[in-house]
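Heads up: the structure comes next, in structure tokens.
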Amino acid sequence: MSDSSASALALDPGSLGPEARVVHACLEASMVPDPERAATCMAEDVTITSTGGRVC
């Protein structure tokens with residue numbers, strides 16, 4: 001993780017606007033990892049295809 005990425009995660013979410021707080025929470029959940037909490041950020045019909053063709 002780069003220094004700028006670590007700094008972004010270290011932000012006080014209270015200092016962010018409402019939309020940025022949602023994005024921050026989803027990114028934090030996906031990096032912890034916390035798959036159950038991260039899943040709450042996605043619609044049920046979302047399909048993600050990762051590099052190499054892996055489908056999640």
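Ligands are numbered from 1 in the order shown, residues from 1 within each chain, and chains are lettered A, B, ... in the order they appear in the structure tokens.
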
Next item on the list: Pull the helix (DSSP H, G or I) assignments for chain A out of DSSP run on the backbone, and list those residues as an MDAnalysis selection string.
Entry: chainID A and resid 3:9 13:15 18:31 35:39

Margin query: Set the distance at 9 Å and use only C-alpha atoms: which residues neighbour Thr40 in chain A once local chain neighbours fewer than 4 positions away are removed? I'd like the list as a PyMOL selection string.
Written below: chain A and resi 26+35-36

Next item on the list: Quick one: everything within 10 Å of Cys41 in chain A, counting only C-alpha atoms, minus sequence neighbours fewer than 4 positions away in the same chain. Send it as an MDAnalysis selection string.
Entry: chainID A and resid 22:23 25:27 29:30 36:37

Export N, CA, C and O atoms of the chosen residues as a compact mmCIF listing (two decimals), in the first residue's frame?
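Okay, out.txt is ready:
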```txt
# COMPACT_ATOMS: atom_id res chain seq x y z
N VAL A 22 -19.46 7.03 2.65
CA VAL A 22 -19.92 5.74 2.14
C VAL A 22 -18.78 5.05 1.40
O VAL A 22 -18.50 3.86 1.63
N VAL A 23 -18.12 5.77 0.53
CA VAL A 23 -17.00 5.20 -0.24
C VAL A 23 -15.89 4.76 0.72
O VAL A 23 -15.34 3.67 0.60
N ALA A 25 -16.10 3.87 3.87
CA ALA A 25 -16.53 2.68 4.62
C ALA A 25 -16.44 1.42 3.77
O ALA A 25 -15.98 0.37 4.25
N CYS A 26 -16.82 1.51 2.51
CA CYS A 26 -16.75 0.35 1.61
C CYS A 26 -15.31 -0.05 1.33
O CYS A 26 -14.97 -1.23 1.33
N LEU A 27 -14.47 0.94 1.08
CA LEU A 27 -13.05 0.64 0.84
C LEU A 27 -12.41 0.03 2.08
O LEU A 27 -11.66 -0.94 1.99
N ALA A 29 -13.88 -1.68 4.47
CA ALA A 29 -14.40 -3.04 4.66
C ALA A 29 -13.76 -4.02 3.69
O ALA A 29 -13.50 -5.17 4.05
N SER A 30 -13.47 -3.58 2.47
CA SER A 30 -12.89 -4.49 1.49
C SER A 30 -11.41 -4.72 1.74
O SER A 30 -10.85 -5.71 1.29
N GLU A 36 -18.35 -9.81 4.87
CA GLU A 36 -19.77 -9.60 5.14
C GLU A 36 -20.13 -8.12 5.07
O GLU A 36 -21.12 -7.73 4.46
N ARG A 37 -19.31 -7.27 5.70
CA ARG A 37 -19.58 -5.83 5.66
C ARG A 37 -19.36 -5.29 4.25
O ARG A 37 -20.16 -4.47 3.77
```

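CA of Leu11 in chain A is found 27.6 Å from CA of Ser50 in chain A.
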
Margin query: Report, in Å with one decimal, the straight-line distance from CA of Asp12 in chain A to CA of Ala38 in chain A.
Written below: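 Between CA of Asp12 in chain A and CA of Ala38 in chain A the gap is 19.2 Å.
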
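Picture a line from CA of Gly52 in chain A to CA of Val32 in chain A; it runs 23.0 Å.
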